[in-house]
Structures are given as structure tokens and as C-alpha cells.
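Colleague: This is the content of data01.txt (compact mmCIF, C-alpha atoms):
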# COMPACT_ATOMS: atom_id res chain seq x y z
CA MET A 169 131.99 120.20 142.26
CA GLY A 170 130.10 120.18 139.01
CA THR A 171 126.55 120.77 137.93
CA GLU A 172 125.04 117.74 136.29
CA ILE A 173 122.67 118.09 133.34
CA GLU A 174 121.19 114.65 132.97
CA ARG A 175 118.17 113.29 131.17
CA LYS A 176 116.72 109.95 132.12
CA PHE A 177 114.54 107.54 130.14
CA LEU A 178 112.88 104.17 130.48
CA VAL A 179 114.41 101.48 128.27
CA THR A 180 112.12 99.33 126.15
CA GLY A 181 113.18 95.98 124.79
CA GLU A 182 116.52 94.27 124.69
CA GLY A 183 118.10 96.04 121.73
CA TRP A 184 120.65 97.86 123.88
CA ARG A 185 122.35 94.67 125.08
CA GLY A 186 124.26 94.03 121.86
CA GLN A 187 125.60 97.58 121.66
CA ALA A 188 127.86 97.62 124.70
CA THR A 189 131.58 97.78 123.95
CA GLU A 190 132.73 96.86 127.45
CA PRO A 191 131.39 94.76 130.34
CA GLY A 192 128.86 96.37 132.67
CA LEU A 193 129.93 97.74 136.05
CA ARG A 194 128.22 96.39 139.14
CA LEU A 195 126.95 99.16 141.44
CA ARG A 196 125.64 98.93 145.01
CA GLN A 197 124.37 102.07 146.63
CA GLY A 198 122.53 103.28 149.67
CA TYR A 199 121.58 106.59 151.19
CA LEU A 200 122.78 108.22 154.40
CA HIS A 201 120.12 110.81 153.59
CA ALA A 202 117.55 110.29 150.85
CA GLY A 203 116.06 113.80 151.16
CA THR A 204 117.66 117.11 150.19
CA PRO A 205 120.59 117.11 149.92
CA VAL A 206 121.05 113.49 148.90
CA VAL A 207 124.02 111.83 150.62
CA ARG A 208 124.87 108.60 148.81
CA ILE A 209 127.31 105.77 149.40
CA ARG A 210 128.20 103.86 146.22
CA GLN A 211 130.39 100.87 145.53
CA ALA A 212 131.37 100.72 141.85
CA GLY A 213 133.37 97.61 141.10
CA GLU A 214 136.48 97.88 143.29
CA ALA A 215 136.03 101.59 144.04
CA ALA A 216 133.72 103.43 146.43
CA PHE A 217 132.40 106.97 146.63
CA LEU A 218 130.58 109.34 148.95
CA THR A 219 128.41 111.71 146.92
CA ILE A 220 126.42 114.81 147.85
CA LYS A 221 123.70 115.97 145.44
CA GLY A 222 121.88 119.25 145.75
CA PRO A 223 118.22 119.83 144.87
CA GLY A 224 116.87 119.59 141.33
CA LEU A 225 115.99 116.93 138.78
CA LEU A 226 117.50 117.99 135.45
CA ALA A 227 120.48 120.00 136.79
CA ARG A 228 121.94 119.67 140.27
CA ALA A 229 125.15 120.40 142.15
CA GLU A 230 127.20 117.31 142.84
CA TYR A 231 130.21 116.73 145.07
CA GLU A 232 131.88 113.33 144.95
CA TYR A 233 134.68 111.93 147.11
CA ARG A 234 136.45 108.61 146.80
CA ILE A 235 136.43 106.65 150.08
CA PRO A 236 137.92 103.33 151.23
CA PRO A 237 135.72 100.43 149.98
CA ALA A 238 135.68 98.80 153.44
CA GLU A 239 134.24 101.99 154.96
CA ALA A 240 131.61 102.15 152.21
CA GLU A 241 130.69 98.53 152.97
CA ALA A 242 130.38 99.28 156.70
CA MET A 243 128.22 102.36 156.12
CA LEU A 244 125.98 100.48 153.64
CA ALA A 245 125.55 97.72 156.23
CA THR A 246 125.00 99.86 159.34
CA LEU A 247 123.99 103.43 158.44
CA CYS A 248 121.99 103.23 155.17
CA PRO A 249 118.38 102.12 155.58
CA PRO A 250 117.73 98.96 153.53
CA PRO A 251 117.11 97.99 150.84
CA ILE A 252 120.41 98.72 149.10
CA ILE A 253 120.06 99.42 145.37
CA GLU A 254 121.88 96.96 143.15
CA LYS A 255 122.26 97.51 139.45
CA THR A 256 124.61 96.92 136.54
CA ARG A 257 125.66 99.96 134.55
CA THR A 258 126.51 99.51 130.89
CA ARG A 259 127.96 102.33 128.81
CA ILE A 260 126.72 102.49 125.22
CA ARG A 261 128.00 104.88 122.59
CA HIS A 262 125.31 106.10 120.20
CA ASP A 263 125.79 108.78 117.56
CA GLY A 264 128.75 110.36 119.38
CA LEU A 265 127.20 110.45 122.87
CA VAL A 266 127.51 107.96 125.73
CA TRP A 267 124.42 106.47 127.34
CA GLU A 268 124.51 104.79 130.71
CA VAL A 269 122.01 101.94 130.86
CA ASP A 270 121.21 100.79 134.41
CA GLU A 271 119.66 97.35 134.78
CA PHE A 272 118.34 96.99 138.31
CA ALA A 273 118.38 93.83 140.43
CA GLY A 274 116.89 92.87 143.80
CA HIS A 275 113.66 94.65 144.72
CA LEU A 276 113.79 96.69 141.50
CA ALA A 277 114.40 93.75 139.11
CA GLY A 278 112.76 94.41 135.76
CA LEU A 279 113.53 98.14 135.75
CA VAL A 280 115.97 99.39 133.10
CA LEU A 281 116.80 103.10 132.85
CA ALA A 282 119.06 105.02 130.47
CA GLU A 283 120.76 108.31 131.31
CA ILE A 284 122.63 110.78 129.17
CA GLU A 285 124.77 113.64 130.42
CA LEU A 286 124.52 116.80 128.35
CA ALA A 287 126.47 120.05 128.14
CA GLY A 288 123.28 122.04 128.60
CA PRO A 289 119.55 121.51 128.98
CA ASP A 290 118.86 122.35 125.33
CA GLN A 291 121.52 120.14 123.75
CA ASP A 292 120.07 117.94 121.02
CA PHE A 293 120.80 114.21 120.81
CA ALA A 294 119.89 111.19 118.72
CA ARG A 295 117.47 108.71 120.30
CA PRO A 296 118.44 105.05 120.14
CA ASP A 297 115.50 102.83 119.06
CA TRP A 298 115.45 101.11 122.50
CA LEU A 299 114.74 104.42 124.23
CA GLY A 300 111.32 104.72 125.89
CA ARG A 301 109.50 107.47 127.73
CA GLU A 302 111.51 110.27 129.37
CA VAL A 303 111.32 110.27 133.19
CA THR A 304 113.79 113.07 134.00
CA GLN A 305 111.08 115.08 135.75
CA ASP A 306 109.41 112.09 137.42
CA PRO A 307 110.62 112.01 141.03
CA ARG A 308 109.69 108.33 141.37
CA TYR A 309 112.68 107.44 139.19
CA GLN A 310 115.30 109.25 141.25
CA ASN A 311 117.60 106.71 142.81
CA ALA A 312 116.98 108.01 146.32
CA ALA A 313 113.24 107.43 145.77
CA LEU A 314 113.82 104.04 144.14
CA SER A 315 115.80 102.96 147.20
CA GLN A 316 112.62 103.39 149.26
CA ALA A 317 110.22 101.86 146.72
CA LYS A 318 109.02 98.30 147.20
CA ALA A 319 109.04 97.56 143.47
CA PRO A 320 109.67 99.37 140.17
CA PRO A 321 107.26 102.32 139.62
CA GLU A 322 104.33 101.53 137.33
CA GLY A 323 103.52 103.36 134.10
CA MET B 87 136.46 104.51 160.82
CA GLY B 88 136.74 104.70 164.58
CA THR B 89 134.37 104.57 167.50
CA GLU B 90 134.49 107.72 169.58
CA ILE B 91 134.15 107.57 173.35
CA GLU B 92 133.63 111.18 174.32
CA ARG B 93 132.36 112.89 177.45
CA LYS B 94 131.11 116.43 177.31
CA PHE B 95 130.79 119.05 180.06
CA LEU B 96 129.71 122.62 180.54
CA VAL B 97 132.58 124.98 181.39
CA THR B 98 132.18 127.35 184.33
CA GLY B 99 134.30 130.43 184.73
CA GLU B 100 137.32 131.65 182.84
CA GLY B 101 140.02 129.57 184.52
CA TRP B 102 140.63 127.50 181.37
CA ARG B 103 141.82 130.45 179.31
CA GLY B 104 145.27 130.66 180.87
CA GLN B 105 145.97 126.96 180.46
CA ALA B 106 146.11 126.72 176.68
CA THR B 107 149.55 126.02 175.24
CA GLU B 108 148.67 126.89 171.66
CA PRO B 109 146.26 129.29 169.91
CA GLY B 110 142.67 128.16 169.46
CA LEU B 111 141.47 126.78 166.13
CA ARG B 112 138.55 128.48 164.45
CA LEU B 113 135.82 126.02 163.39
CA ARG B 114 132.79 126.58 161.16
CA GLN B 115 130.39 123.73 160.65
CA GLY B 116 127.02 122.93 159.22
CA TYR B 117 124.93 119.86 158.65
CA LEU B 118 123.88 118.23 155.39
CA HIS B 119 121.78 116.00 157.65
CA ALA B 120 121.29 116.77 161.34
CA GLY B 121 119.41 113.53 162.09
CA THR B 122 120.77 109.98 162.13
CA PRO B 123 123.30 109.53 160.74
CA VAL B 124 124.77 113.01 161.15
CA VAL B 125 126.47 114.31 157.98
CA ARG B 126 128.64 117.29 158.88
CA ILE B 127 130.73 119.77 156.88
CA ARG B 128 133.50 121.40 158.94
CA GLN B 129 136.10 124.01 158.16
CA ALA B 130 138.97 123.86 160.65
CA GLY B 131 141.47 126.63 160.01
CA GLU B 132 142.75 126.00 156.46
CA ALA B 133 141.44 122.42 156.27
CA ALA B 134 137.95 121.02 155.68
CA PHE B 135 136.26 117.74 156.40
CA LEU B 136 133.13 115.75 155.60
CA THR B 137 132.16 113.64 158.60
CA ILE B 138 129.56 110.91 159.09
CA LYS B 139 128.52 110.04 162.64
CA GLY B 140 126.39 107.06 163.55
CA PRO B 141 123.81 106.98 166.36
CA GLY B 142 124.74 107.27 170.03
CA LEU B 143 125.83 109.92 172.50
CA LEU B 144 128.77 108.52 174.46
CA ALA B 145 130.16 106.14 171.80
CA ARG B 146 129.44 106.40 168.09
CA ALA B 147 130.90 105.30 164.76
CA GLU B 148 132.64 108.10 162.91
CA TYR B 149 133.93 108.33 159.35
CA GLU B 150 135.84 111.45 158.36
CA TYR B 151 137.14 112.54 154.95
CA ARG B 152 139.23 115.54 154.06
CA ILE B 153 137.67 117.62 151.28
CA PRO B 154 138.71 120.74 149.35
CA PRO B 155 138.02 123.88 151.47
CA ALA B 156 136.30 125.64 148.57
CA GLU B 157 133.81 122.77 148.26
CA ALA B 158 133.18 122.86 152.01
CA GLU B 159 132.52 126.59 151.73
CA ALA B 160 130.09 126.05 148.85
CA MET B 161 128.20 123.29 150.68
CA LEU B 162 128.01 125.38 153.89
CA ALA B 163 126.62 128.27 151.86
CA THR B 164 124.14 126.38 149.69
CA LEU B 165 123.29 122.96 151.16
CA CYS B 166 123.50 123.30 154.96
CA PRO B 167 120.49 124.95 156.60
CA PRO B 168 121.56 128.07 158.51
CA PRO B 169 122.70 129.02 161.05
CA ILE B 170 126.26 127.73 160.67
CA ILE B 171 127.94 126.91 163.98
CA GLU B 172 131.03 129.00 164.70
CA LYS B 173 133.34 128.23 167.59
CA THR B 174 136.97 128.38 168.65
CA ARG B 175 138.49 125.11 169.86
CA THR B 176 141.30 125.32 172.40
CA ARG B 177 143.24 122.22 173.44
CA ILE B 178 144.21 122.09 177.10
CA ARG B 179 146.38 119.41 178.68
CA HIS B 180 145.34 118.51 182.23
CA ASP B 181 146.83 115.68 184.26
CA GLY B 182 147.99 113.77 181.18
CA LEU B 183 144.77 114.05 179.15
CA VAL B 184 143.79 116.58 176.49
CA TRP B 185 140.57 118.57 176.81
CA GLU B 186 139.00 120.35 173.88
CA VAL B 187 137.28 123.54 175.03
CA ASP B 188 134.80 124.95 172.49
CA GLU B 189 133.84 128.58 172.88
CA PHE B 190 130.84 129.27 170.68
CA ALA B 191 130.14 132.48 168.76
CA GLY B 192 127.18 133.78 166.76
CA HIS B 193 123.76 132.54 167.87
CA LEU B 194 125.38 130.38 170.57
CA ALA B 195 127.63 133.08 172.07
CA GLY B 196 128.09 132.51 175.79
CA LEU B 197 128.15 128.72 175.54
CA VAL B 198 131.45 127.02 176.42
CA LEU B 199 131.75 123.22 176.33
CA ALA B 200 134.65 120.90 177.14
CA GLU B 201 135.10 117.44 175.64
CA ILE B 202 137.47 114.65 176.49
CA GLU B 203 138.12 111.56 174.38
CA LEU B 204 138.62 108.38 176.40
CA ALA B 205 139.88 104.89 175.63
CA GLY B 206 136.74 103.38 177.11
CA PRO B 207 133.53 104.44 178.85
CA ASP B 208 134.89 103.58 182.32
CA GLN B 209 138.26 105.32 182.05
CA ASP B 210 138.91 107.61 185.01
CA PHE B 211 140.16 111.17 184.59
CA ALA B 212 141.01 114.20 186.70
CA ARG B 213 138.49 117.07 186.63
CA PRO B 214 139.90 120.56 186.05
CA ASP B 215 138.40 123.11 188.46
CA TRP B 216 136.70 124.96 185.59
CA LEU B 217 134.68 121.87 184.67
CA GLY B 218 130.93 122.14 185.23
CA ARG B 219 128.02 119.74 184.84
CA GLU B 220 128.34 116.75 182.50
CA VAL B 221 126.07 116.94 179.43
CA THR B 222 127.23 113.84 177.54
CA GLN B 223 123.75 112.32 177.68
CA ASP B 224 121.88 115.58 177.09
CA PRO B 225 120.86 115.63 173.41
CA ARG B 226 120.43 119.43 173.49
CA TYR B 227 124.22 119.79 173.58
CA GLN B 228 124.96 117.72 170.51
CA ASN B 229 126.33 119.97 167.81
CA ALA B 230 123.68 118.90 165.32
CA ALA B 231 121.01 119.99 167.82
CA LEU B 232 122.88 123.20 168.70
CA SER B 233 122.95 124.12 165.02
CA GLN B 234 119.14 124.23 165.10
CA ALA B 235 118.81 125.98 168.47
CA LYS B 236 118.06 129.70 168.56
CA ALA B 237 120.26 130.28 171.63
CA PRO B 238 122.36 128.24 174.09
CA PRO B 239 120.27 125.65 176.00
CA GLU B 240 119.25 126.75 179.50
CA GLY B 241 120.14 124.93 182.69
Output the file's structure as C-alpha cells, nothing else.

Modeller:
Amino acid sequence: MGTEIERKFLVTGEGWRGQATEPGLRLRQGYLHAGTPVVRIRQAGEAAFLTIKGPGLLARAEYEYRIPPAEAEAMLATLCPPPIIEKTRTRIRHDGLVWEVDEFAGHLAGLVLAEIELAGPDQDFARPDWLGREVTQDPRYQNAALSQAKAPPEG
Amino acid sequence: MGTEIERKFLVTGEGWRGQATEPGLRLRQGYLHAGTPVVRIRQAGEAAFLTIKGPGLLARAEYEYRIPPAEAEAMLATLCPPPIIEKTRTRIRHDGLVWEVDEFAGHLAGLVLAEIELAGPDQDFARPDWLGREVTQDPRYQNAALSQAKAPPEG
């Protein structure tokens, strides 16, 4: 178990695309429980994970277990309410820190979010020029909420 | 993943106690989600498990993953709504089949249930003389429901 300190931002423009040093990773995820605690099934490339996330937006307890991909597929198909979130995650190094840029597909096409994991809530970091408004505290941009949205949040 | 075919009964009297061939196993369990699907944390002796159960009473999909006991303890303490179910599970062989007799403690003290796992819903089996009324189809006796009950169900 760890406690995640993550900050999340909208991404503006296409400037981030040229900065990736490796191919993006395709993610598919659904929720066995989208409330508190979050219980998530995620396929990440060839791997799959069952993840429990406690309450909170900026910092939250997280427990993650690797599970057989075929069981993840079955649970996504039969136990997670649709729609399933599909996105491509690209890691981008900027000024010594790693950003994860998530480009959504399917019902959330058009939405691009960037997350950074920090050692503490007050850690400073350099902002890439493609970084938009911070949405860490906006519950509409939590993945569990996005899974139930009909389209990307506005504003 | 497997599909469980289980039938569940009340236990009447103390006749089952002398029939165990091994000591009972102490179980503690709580629910990250008590609805559908059920997401359960269980400590069983020195081991711990995270279990997902699909809908259904007699037959249901089940996915179970072994997890570190310390993480189970932390999730029971911080993420599962109290009360935590405590019970001792005793396995009893009767006429070639194995019964699991669960004697509850804590807020459910006095409740004793017996479960048998069958190869199919129509499989016949011999009834031990301590077996009471069948409650397979009674949702009050599902563990997720018992975890939210204040006392053993009546009747």
C-alpha cells in the first residue's frame, strides 16, 4: 500500500506529442465500485490489475494487485457497468519529473489529462507549456466519475 | 474464476461439534462493496484474500486473489464499514461431502450456518441431523447482508 500524492491538469494543444520518449500504453478500465472506496479493474498492455483506492482527491491510500488478464477481461465484460474507459497513457519527462498524459478515446474522445506524482503536496515542479488548468480538486475529472459521464466535462 | 454452486442452511443444536476432524479456522471479513458485485476482504488464519462475487444466490461467479495480510488488516480497519464479521469455520465430512459450519461471533453471536458446495444445482446430498432450514435463497443470510445487520436475522 502507498499513499498517492497526485496533481492533475487539463492539457492544451498538441505540444506534448513530440516529447514522448517511448510509445504510449493502451489502458482499458472499469469499476466494480465507483464510489468510496474505488475498486478498479485495469488492463495495461499485456498486464492487468485490481486496484483499491481510498477516499481523497490529492492524496489517497492505494492497494494494487496484479491479476490474470483473462479474469480482468471477464470482469470488465460482466461485472463493470459500461462504458469502459479507454485511453492511451504517454509518459513524458520534463525538468526531471515524469508526467503521465492520458488521451481518452470512446465516449471521452477529445479529453486529454496530465498527471504528476509528487513526494508531498507542497513539492514544487516546472510546468510544461502544454499544461492547462489544474483539476486535481474537481471531482468530475476523477476516472471513476469519468466512467459514468456521457462526454468529457465542460469548462 | 469459478462459478460457485452453494447451498446454505441454518444449524440446529450442537450435534455438529463432535464431528469435526480438524480445528476450526478463524475468519474475519469486511466489505469494500456490499452490493453487486460484492468486494470482500477476508483474513483466514494467517492468510488473506480479496474476493469479487458476481450476482446470484445459488450460483455466482467468483474471483479470489491472495493479498498480504497486513494490507487486508489495513483495509478492514480503514475502508470496510464496521462491523467486521467474525466467525469460526469448521469443516465436517458427512456421507462423502464436506460441510462448512460457520459459528458467528460479535454482533452475530448465536448464528450458526452450514454451507455445502455442489457440482451442480440438482446434485443430491445426505442431510446431517443437525441441519435446519435451508436459507440459500434468503438474502438476509448472505454475508454481505449479515455484515450490515445489527443482530442475527429472526425466523

Colleague: Ranking B:Pro225, B:Gly101, B:Leu165, B:Leu96 by minimum distance to Val207 (chain A) and counting only C-alpha atoms, which one comes first?

Modeller: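 The answer is B:Leu165, which sits nearest to Val207 (chain A).
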
Colleague: Using 8 Å as the limit and counting only C-alpha atoms, can you tabulate each residue of chain B that touches chain A, with its shortest atom-to-atom distance in Å and the two atoms involved, as a tab-separated table?

Modeller:
residue	atom	partner	partner_atom	distance
B:Met87	CA	A:Glu239	CA	6.8
B:Leu118	CA	A:Pro205	CA	6.5
B:His119	CA	A:His201	CA	6.8
B:Pro123	CA	A:Leu200	CA	6.5
B:Val125	CA	A:Leu200	CA	8.0
B:Gly140	CA	A:Leu247	CA	6.7
B:Tyr149	CA	A:Glu239	CA	7.7
B:Tyr151	CA	A:Ile235	CA	7.7
B:Ile153	CA	A:Tyr233	CA	7.7
B:Glu157	CA	A:Met169	CA	6.8
B:Leu165	CA	A:Pro205	CA	6.6

Colleague: Enter the distance from CA of Thr180 (chain A) to CA of Leu225 (chain A), in Å, rounded to one decimal.

Modeller: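 Atom-to-atom, CA of Thr180 (chain A) to CA of Leu225 (chain A), that is 22.0 Å.
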
Colleague: Least-squares superpose chain B on chain A across all ordered C-alpha pairs, then write out what you get as a short mmCIF file (atom, residue, chain, number, x, y, z; two decimals) with C-alpha atoms, in the frame of the given file.

Modeller:
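Here's the written file part_21.cif:
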data_model
loop_
_atom_site.label_atom_id
_atom_site.label_comp_id
_atom_site.auth_asym_id
_atom_site.auth_seq_id
_atom_site.Cartn_x
_atom_site.Cartn_y
_atom_site.Cartn_z
CA MET B 87 132.00 120.23 142.30
CA GLY B 88 130.10 120.17 139.03
CA THR B 89 126.56 120.77 137.93
CA GLU B 90 125.04 117.73 136.27
CA ILE B 91 122.68 118.10 133.33
CA GLU B 92 121.20 114.65 132.97
CA ARG B 93 118.17 113.28 131.16
CA LYS B 94 116.72 109.96 132.12
CA PHE B 95 114.54 107.54 130.13
CA LEU B 96 112.88 104.18 130.49
CA VAL B 97 114.41 101.48 128.28
CA THR B 98 112.11 99.33 126.17
CA GLY B 99 113.17 96.00 124.78
CA GLU B 100 116.52 94.28 124.71
CA GLY B 101 118.09 96.02 121.73
CA TRP B 102 120.64 97.84 123.91
CA ARG B 103 122.34 94.66 125.07
CA GLY B 104 124.26 94.03 121.87
CA GLN B 105 125.59 97.57 121.66
CA ALA B 106 127.85 97.62 124.70
CA THR B 107 131.57 97.75 123.95
CA GLU B 108 132.72 96.85 127.44
CA PRO B 109 131.38 94.74 130.34
CA GLY B 110 128.86 96.35 132.67
CA LEU B 111 129.94 97.74 136.04
CA ARG B 112 128.24 96.39 139.13
CA LEU B 113 126.96 99.17 141.43
CA ARG B 114 125.64 98.94 144.99
CA GLN B 115 124.37 102.08 146.63
CA GLY B 116 122.53 103.28 149.67
CA TYR B 117 121.58 106.59 151.18
CA LEU B 118 122.78 108.20 154.40
CA HIS B 119 120.12 110.81 153.60
CA ALA B 120 117.55 110.29 150.85
CA GLY B 121 116.06 113.79 151.14
CA THR B 122 117.66 117.11 150.20
CA PRO B 123 120.57 117.13 149.92
CA VAL B 124 121.04 113.50 148.91
CA VAL B 125 124.01 111.83 150.64
CA ARG B 126 124.86 108.61 148.81
CA ILE B 127 127.32 105.77 149.40
CA ARG B 128 128.20 103.86 146.22
CA GLN B 129 130.39 100.87 145.52
CA ALA B 130 131.37 100.73 141.85
CA GLY B 131 133.37 97.60 141.10
CA GLU B 132 136.49 97.88 143.30
CA ALA B 133 136.04 101.60 144.04
CA ALA B 134 133.72 103.45 146.42
CA PHE B 135 132.40 106.97 146.63
CA LEU B 136 130.58 109.35 148.95
CA THR B 137 128.41 111.71 146.92
CA ILE B 138 126.41 114.80 147.85
CA LYS B 139 123.70 115.97 145.45
CA GLY B 140 121.88 119.26 145.76
CA PRO B 141 118.21 119.84 144.87
CA GLY B 142 116.88 119.59 141.32
CA LEU B 143 116.02 116.92 138.78
CA LEU B 144 117.53 117.98 135.46
CA ALA B 145 120.49 120.01 136.78
CA ARG B 146 121.93 119.69 140.27
CA ALA B 147 125.14 120.42 142.17
CA GLU B 148 127.20 117.32 142.85
CA TYR B 149 130.20 116.74 145.09
CA GLU B 150 131.87 113.34 144.97
CA TYR B 151 134.68 111.92 147.12
CA ARG B 152 136.45 108.62 146.82
CA ILE B 153 136.43 106.66 150.08
CA PRO B 154 137.91 103.33 151.23
CA PRO B 155 135.71 100.42 149.99
CA ALA B 156 135.67 98.80 153.43
CA GLU B 157 134.22 101.97 154.95
CA ALA B 158 131.60 102.15 152.20
CA GLU B 159 130.68 98.54 152.96
CA ALA B 160 130.38 99.29 156.68
CA MET B 161 128.21 102.37 156.10
CA LEU B 162 125.96 100.48 153.63
CA ALA B 163 125.54 97.72 156.21
CA THR B 164 125.00 99.85 159.32
CA LEU B 165 123.98 103.42 158.43
CA CYS B 166 121.98 103.22 155.18
CA PRO B 167 118.37 102.10 155.57
CA PRO B 168 117.73 98.95 153.52
CA PRO B 169 117.11 97.96 150.82
CA ILE B 170 120.41 98.71 149.09
CA ILE B 171 120.06 99.44 145.38
CA GLU B 172 121.88 96.96 143.14
CA LYS B 173 122.27 97.53 139.43
CA THR B 174 124.62 96.91 136.53
CA ARG B 175 125.66 99.98 134.54
CA THR B 176 126.51 99.49 130.88
CA ARG B 177 127.96 102.33 128.80
CA ILE B 178 126.73 102.48 125.22
CA ARG B 179 128.01 104.90 122.59
CA HIS B 180 125.30 106.10 120.19
CA ASP B 181 125.80 108.78 117.55
CA GLY B 182 128.74 110.36 119.38
CA LEU B 183 127.20 110.45 122.87
CA VAL B 184 127.52 107.96 125.73
CA TRP B 185 124.42 106.47 127.34
CA GLU B 186 124.52 104.80 130.72
CA VAL B 187 122.01 101.94 130.86
CA ASP B 188 121.20 100.79 134.41
CA GLU B 189 119.68 97.35 134.78
CA PHE B 190 118.35 97.00 138.31
CA ALA B 191 118.39 93.83 140.42
CA GLY B 192 116.90 92.88 143.79
CA HIS B 193 113.66 94.64 144.72
CA LEU B 194 113.79 96.67 141.49
CA ALA B 195 114.41 93.75 139.11
CA GLY B 196 112.79 94.42 135.74
CA LEU B 197 113.52 98.14 135.76
CA VAL B 198 115.97 99.40 133.11
CA LEU B 199 116.81 103.11 132.86
CA ALA B 200 119.06 105.02 130.47
CA GLU B 201 120.76 108.31 131.32
CA ILE B 202 122.63 110.77 129.17
CA GLU B 203 124.78 113.64 130.43
CA LEU B 204 124.52 116.80 128.34
CA ALA B 205 126.48 120.04 128.13
CA GLY B 206 123.30 122.05 128.59
CA PRO B 207 119.56 121.54 128.99
CA ASP B 208 118.85 122.35 125.32
CA GLN B 209 121.51 120.14 123.73
CA ASP B 210 120.06 117.92 121.01
CA PHE B 211 120.81 114.20 120.81
CA ALA B 212 119.89 111.18 118.72
CA ARG B 213 117.46 108.70 120.30
CA PRO B 214 118.43 105.02 120.15
CA ASP B 215 115.50 102.82 119.09
CA TRP B 216 115.44 101.10 122.50
CA LEU B 217 114.75 104.40 124.26
CA GLY B 218 111.33 104.70 125.90
CA ARG B 219 109.51 107.47 127.74
CA GLU B 220 111.51 110.27 129.38
CA VAL B 221 111.34 110.27 133.20
CA THR B 222 113.79 113.08 133.99
CA GLN B 223 111.08 115.08 135.75
CA ASP B 224 109.42 112.10 137.42
CA PRO B 225 110.63 112.03 141.04
CA ARG B 226 109.69 108.34 141.37
CA TYR B 227 112.68 107.44 139.20
CA GLN B 228 115.30 109.24 141.24
CA ASN B 229 117.60 106.70 142.81
CA ALA B 230 116.98 108.02 146.31
CA ALA B 231 113.24 107.44 145.77
CA LEU B 232 113.82 104.04 144.13
CA SER B 233 115.80 102.95 147.18
CA GLN B 234 112.62 103.39 149.25
CA ALA B 235 110.22 101.86 146.71
CA LYS B 236 109.03 98.29 147.21
CA ALA B 237 109.03 97.55 143.47
CA PRO B 238 109.67 99.38 140.17
CA PRO B 239 107.26 102.32 139.64
CA GLU B 240 104.32 101.54 137.36
CA GLY B 241 103.53 103.36 134.14
#

Colleague: Identify which of the residues A:Asp263, A:Asp290, A:Glu254, A:Asp297 lies closest to Leu226 (chain A), counting all atoms listed in the file when measuring atom-to-atom distances.

Modeller: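 For Leu226 (chain A), the nearest of the given residues is A:Asp290.
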
Colleague: Residues around (127.1, 131.9, 171.3), cut-off 9 Å, counting all atoms listed in the file - what are they as a list of chain:residue names?

Modeller: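 Counting all atoms listed in the file, I find these residues within 9 Å of (127.1, 131.9, 171.3): B:Ile171, B:Glu172, B:Lys173, B:Glu189, B:Phe190, B:Ala191, B:Gly192, B:His193, B:Leu194, B:Ala195, B:Gly196, B:Leu197, B:Val198, B:Ala237, B:Pro238.
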
Colleague: With 5 Å on each side, where is the centre of the axis-aligned box around all listed atoms of region 221-228 of chain A, and how long are its edges in Å to one decimal, as lines of an AutoDock Vina configuration file?

Modeller:
center_x = 119.8
center_y = 118.0
center_z = 140.6
size_x = 17.7
size_y = 14.0
size_z = 20.3

Colleague: Name the residues in contact with Leu193 (chain A) at a cut-off of 7 Å, using only C-alpha atoms, excluding same-chain residues fewer than 5 positions from it; report them as number ranges by chain.

Modeller: A: 212-213, 256-258

Colleague: How many Å lie between CA of Leu217 (chain B) and CA of Lys236 (chain B), rounded to one decimal?

Modeller: 24.4 Å

Colleague: Given the choices A:Ile284, A:Gly198, A:Pro321, A:Ala312, which gets closest to Glu268 (chain A) if the distance is worked out from all atoms listed in the file?

Modeller: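 That would be A:Ile284, the residue with the smallest distance to Glu268 (chain A).
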
Colleague: Can you pull out the residues contacting Ile173 (chain A)? Cut-off 8 Å, using only C-alpha atoms, and skip same-chain residues under 4 positions away; I want them as a PyMOL selection string.

Modeller: chain A and resi 226-228+285-289

Colleague: One number please: CA of Asp188 (chain B) to CA of Gly142 (chain B), in Å, one decimal.

Modeller: 20.5 Å

Colleague: Lys94 (chain B): which residues within 9 Å, counting only C-alpha atoms, same-chain residues fewer than 3 positions away excluded, as a count of residues only?

Modeller: 11

Colleague: Which of these residues is nearest to Ala134 (chain B), using only C-alpha atoms: B:Ala163, B:Pro155, B:Asp224, B:Arg114?

Modeller: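 Nearest to Ala134 (chain B): B:Pro155.
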
Colleague: Can you sort out region 302-313 of chain A so it carries N, CA and C atoms, written as a short mmCIF file (atom, residue, chain, number, x, y, z; two decimals), keeping the file's coordinate frame?

Modeller:
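And here is the file that came out, part.cif:
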data_model
loop_
_atom_site.label_atom_id
_atom_site.label_comp_id
_atom_site.auth_asym_id
_atom_site.auth_seq_id
_atom_site.Cartn_x
_atom_site.Cartn_y
_atom_site.Cartn_z
N GLU A 302 110.61 109.51 128.50
CA GLU A 302 111.51 110.27 129.37
C GLU A 302 110.91 110.37 130.78
N VAL A 303 111.78 110.19 131.79
CA VAL A 303 111.32 110.27 133.19
C VAL A 303 112.19 111.23 134.01
N THR A 304 112.91 112.12 133.31
CA THR A 304 113.79 113.07 134.00
C THR A 304 113.04 113.83 135.10
N GLN A 305 111.82 114.24 134.80
CA GLN A 305 111.08 115.08 135.75
C GLN A 305 110.18 114.27 136.66
N ASP A 306 110.26 112.95 136.59
CA ASP A 306 109.41 112.09 137.42
C ASP A 306 110.18 111.69 138.67
N PRO A 307 109.82 112.26 139.83
CA PRO A 307 110.62 112.01 141.03
C PRO A 307 110.65 110.56 141.46
N ARG A 308 109.69 109.75 140.98
CA ARG A 308 109.69 108.33 141.37
C ARG A 308 110.92 107.60 140.85
N TYR A 309 111.54 108.14 139.79
CA TYR A 309 112.68 107.44 139.19
C TYR A 309 114.02 107.97 139.68
N GLN A 310 114.01 108.88 140.63
CA GLN A 310 115.30 109.25 141.25
C GLN A 310 115.78 108.08 142.08
N ASN A 311 117.07 107.87 142.10
CA ASN A 311 117.60 106.71 142.81
C ASN A 311 117.28 106.74 144.30
N ALA A 312 117.29 107.93 144.89
CA ALA A 312 116.98 108.01 146.32
C ALA A 312 115.54 107.56 146.57
N ALA A 313 114.63 107.88 145.64
CA ALA A 313 113.24 107.43 145.77
C ALA A 313 113.14 105.94 145.49
#
